[in-house]
Amino acid sequence: MKELILGGVRSGKSRLAEQRAVASGLPVTLIATATADDEEMRRRILIHQQNRPASWRLVEEPRALAAALREYAHPEHCLVVDCLTLWLTNLLCANDEATLQAERDALLATLPDLPGQIILVSNETGMGIVPSGELTRRFCDEAGRLHQELAQRCERVIFTVAGLPHILKGAPL
């Protein structure tokens, strides 16, 4: 089962992903894409770490996501990726178009064949005003296209608002 959980900042999407992973009853590996570039981000990461079950395996992978998914996906196992928009940011900020496209294509090609339960978390960015900066507009465009492609490949898509999950595709929770 592949699930995509979308939502805005502090919408409850990560909490929902954690609940879904625990409810699976499977061993869980979290693939974290964040990088602790400043003190504020280090605090955010620490809060996420404190809220996760201690039994979960943590894999930190800011760019080579498809390779990490292939390595850690197994039948009777649950992988949580948190989050795709940080992963996309890491790739965009590297300013290497070829790597961005290769990693994006690898993720899209790899996902359908992965065994086990896969839960992808991402920020929905396309519901506000059009950003004024070129990089920010590009980020929103790339995230929107990525979400559309992933939604086609996932059995369930959930949009989370104010901690409430709304099923966009697939069976009810």
# chains A, B, ... in the order shown; residues from 1 in each chain; ligands from 1
call {"tool": "residues_around", "arguments": {"residues": "Gly7 (chain A)", "least_positions_apart": "4", "cutoff": "6 Å", "atoms": "only C-alpha atoms", "output": "list in words"}}
result
Ser11, Lys13, Asn123, Glu124, Phe159 and Thr160 of chain A
call {"tool": "residues_around", "arguments": {"residues": "Glu61 (chain A)", "least_positions_apart": "3", "cutoff": "8 Å", "atoms": "only C-alpha atoms", "output": "compact mmCIF listing (two decimals) with N, CA and C atoms, in the first residue's frame"}}
result
# COMPACT_ATOMS: atom_id res chain seq x y z
N ILE A 31 12.33 7.66 6.85
CA ILE A 31 13.35 8.30 6.03
C ILE A 31 13.12 9.80 6.15
N ALA A 32 14.04 10.46 6.85
CA ALA A 32 13.95 11.89 7.10
C ALA A 32 14.78 12.64 6.06
N THR A 33 14.19 13.65 5.46
CA THR A 33 14.87 14.39 4.39
C THR A 33 15.40 15.74 4.84
N ALA A 34 15.08 16.14 6.07
CA ALA A 34 15.50 17.46 6.56
C ALA A 34 17.00 17.49 6.83
N ALA A 64 19.07 11.36 -2.13
CA ALA A 64 18.96 10.10 -2.88
C ALA A 64 17.80 9.26 -2.34
N LEU A 65 16.61 9.78 -2.47
CA LEU A 65 15.43 9.17 -1.87
C LEU A 65 15.07 7.82 -2.51
N ALA A 68 17.29 5.12 -1.22
CA ALA A 68 16.96 4.76 0.16
C ALA A 68 15.69 3.92 0.22
call {"tool": "select_by_dssp", "arguments": {"residues": "region 77-140 of chain A", "states": "helix (DSSP H, G or I)", "output": "compact mmCIF listing (two decimals) with N, CA and C atoms, in the first residue's frame"}}
result
# COMPACT_ATOMS: atom_id res chain seq x y z
N LEU A 84 8.59 15.11 1.51
CA LEU A 84 8.98 15.26 0.11
C LEU A 84 9.31 16.70 -0.27
N THR A 85 8.66 17.67 0.35
CA THR A 85 8.95 19.05 -0.03
C THR A 85 10.31 19.49 0.50
N LEU A 86 10.76 18.96 1.62
CA LEU A 86 12.13 19.25 2.06
C LEU A 86 13.13 18.58 1.12
N TRP A 87 12.82 17.37 0.69
CA TRP A 87 13.66 16.67 -0.28
C TRP A 87 13.77 17.48 -1.57
N LEU A 88 12.63 17.96 -2.05
CA LEU A 88 12.61 18.77 -3.27
C LEU A 88 13.41 20.06 -3.07
N THR A 89 13.27 20.69 -1.92
CA THR A 89 14.04 21.90 -1.61
C THR A 89 15.54 21.61 -1.65
N ASN A 90 15.95 20.49 -1.05
CA ASN A 90 17.37 20.13 -1.07
C ASN A 90 17.89 20.00 -2.49
N LEU A 91 17.09 19.39 -3.35
CA LEU A 91 17.51 19.21 -4.75
C LEU A 91 17.52 20.53 -5.50
N LEU A 92 16.52 21.36 -5.29
CA LEU A 92 16.48 22.65 -5.98
C LEU A 92 17.63 23.56 -5.53
N CYS A 93 17.94 23.55 -4.25
CA CYS A 93 19.00 24.41 -3.73
C CYS A 93 20.40 23.93 -4.15
N GLU A 97 20.31 20.83 -12.21
CA GLU A 97 19.08 20.42 -12.91
C GLU A 97 19.08 18.93 -13.26
N ALA A 98 20.21 18.42 -13.69
CA ALA A 98 20.28 17.02 -14.08
C ALA A 98 20.01 16.10 -12.89
N THR A 99 20.58 16.43 -11.73
CA THR A 99 20.35 15.61 -10.54
C THR A 99 18.90 15.71 -10.08
N LEU A 100 18.34 16.90 -10.11
CA LEU A 100 16.93 17.08 -9.75
C LEU A 100 16.03 16.18 -10.60
N GLN A 101 16.20 16.24 -11.90
CA GLN A 101 15.36 15.44 -12.79
C GLN A 101 15.61 13.95 -12.61
N ALA A 102 16.86 13.57 -12.45
CA ALA A 102 17.20 12.15 -12.27
C ALA A 102 16.59 11.60 -10.98
N GLU A 103 16.69 12.35 -9.89
CA GLU A 103 16.14 11.89 -8.61
C GLU A 103 14.62 11.84 -8.64
N ARG A 104 14.00 12.85 -9.26
CA ARG A 104 12.54 12.87 -9.38
C ARG A 104 12.06 11.68 -10.21
N ASP A 105 12.70 11.47 -11.36
CA ASP A 105 12.33 10.35 -12.23
C ASP A 105 12.55 9.01 -11.54
N ALA A 106 13.64 8.91 -10.79
CA ALA A 106 13.93 7.66 -10.07
C ALA A 106 12.86 7.38 -9.02
N LEU A 107 12.43 8.40 -8.29
CA LEU A 107 11.38 8.21 -7.30
C LEU A 107 10.10 7.72 -7.97
N LEU A 108 9.69 8.39 -9.04
CA LEU A 108 8.45 8.02 -9.72
C LEU A 108 8.52 6.63 -10.33
N ALA A 109 9.68 6.24 -10.83
CA ALA A 109 9.84 4.91 -11.42
C ALA A 109 9.92 3.82 -10.35
N THR A 110 10.51 4.13 -9.21
CA THR A 110 10.73 3.15 -8.16
C THR A 110 9.48 2.85 -7.35
N LEU A 111 8.70 3.88 -7.07
CA LEU A 111 7.58 3.75 -6.13
C LEU A 111 6.63 2.59 -6.44
N PRO A 112 6.16 2.41 -7.66
CA PRO A 112 5.17 1.35 -7.90
C PRO A 112 5.65 -0.07 -7.57
N ASP A 113 6.94 -0.31 -7.64
CA ASP A 113 7.47 -1.65 -7.44
C ASP A 113 7.94 -1.94 -6.02
N GLU A 134 11.48 33.88 -8.16
CA GLU A 134 11.58 32.85 -9.19
C GLU A 134 11.77 31.45 -8.59
N LEU A 135 12.68 31.32 -7.62
CA LEU A 135 12.95 30.01 -7.02
C LEU A 135 11.70 29.50 -6.29
N THR A 136 11.00 30.37 -5.60
CA THR A 136 9.80 29.96 -4.88
C THR A 136 8.70 29.53 -5.83
N ARG A 137 8.54 30.25 -6.92
CA ARG A 137 7.55 29.84 -7.93
C ARG A 137 7.94 28.49 -8.52
N ARG A 138 9.20 28.30 -8.79
CA ARG A 138 9.66 27.02 -9.35
C ARG A 138 9.40 25.89 -8.37
N PHE A 139 9.68 26.14 -7.09
CA PHE A 139 9.43 25.14 -6.06
C PHE A 139 7.95 24.74 -6.07
N CYS A 140 7.06 25.71 -6.07
CA CYS A 140 5.62 25.41 -6.07
C CYS A 140 5.22 24.63 -7.32
call {"tool": "residues_around", "arguments": {"residues": "region 36-50 of chain A", "least_positions_apart": "6", "cutoff": "10 Å", "atoms": "only C-alpha atoms", "output": "list in words"}}
result
Ser14, Arg15, Trp56 and Leu58 of chain A
call {"tool": "write_last_selection", "arguments": {"atoms": "N, CA and C atoms", "output": "compact mmCIF listing (two decimals), in the first residue's frame"}}
result
# COMPACT_ATOMS: atom_id res chain seq x y z
N SER A 14 2.19 14.98 9.46
CA SER A 14 3.21 14.09 10.02
C SER A 14 2.64 13.24 11.14
N ARG A 15 1.82 13.84 11.98
CA ARG A 15 1.18 13.08 13.06
C ARG A 15 0.30 11.97 12.49
N TRP A 56 11.43 2.88 16.20
CA TRP A 56 11.55 3.16 14.78
C TRP A 56 13.00 3.35 14.37
N LEU A 58 15.69 5.15 12.05
CA LEU A 58 15.80 6.45 11.39
C LEU A 58 16.88 6.38 10.31
call {"tool": "select_by_dssp", "arguments": {"residues": "region 35-118 of chain A", "states": "strand (DSSP E)", "output": "PyMOL selection string"}}
result
chain A and resi 57-60+78-82+117-118
call {"tool": "write_last_selection", "arguments": {"atoms": "C-alpha atoms", "output": "CSV table (one decimal), in the first residue's frame"}}
result
chain,number,residue,atom,x,y,z
A,57,ARG,CA,14.7,3.0,12.6
A,58,LEU,CA,15.8,6.5,11.4
A,59,VAL,CA,17.5,6.9,8.0
A,60,GLU,CA,18.5,10.5,7.1
A,78,CYS,CA,6.4,0.2,6.8
A,79,LEU,CA,8.5,3.1,5.4
A,80,VAL,CA,7.5,6.7,6.2
A,81,VAL,CA,9.1,9.5,4.1
A,82,ASP,CA,8.9,12.9,5.9
A,117,GLN,CA,3.7,-0.1,3.2
A,118,ILE,CA,5.0,3.2,2.0
call {"tool": "atom_distance", "arguments": {"atom1": "CA of Tyr72 (chain A)", "atom2": "CA of Leu120 (chain A)"}}
result
14.1 Å
call {"tool": "residues_around", "arguments": {"residues": "Pro172 (chain A)", "least_positions_apart": "4", "cutoff": "12 Å", "atoms": "only C-alpha atoms", "output": "ChimeraX atom specification"}}
result
/A:155-158,165-168
call {"tool": "atom_distance", "arguments": {"atom1": "CA of Pro53 (chain A)", "atom2": "CA of His77 (chain A)"}}
result
15.2 Å
call {"tool": "atom_distance", "arguments": {"atom1": "CA of Ala66 (chain A)", "atom2": "CA of Leu16 (chain A)"}}
result
22.6 Å
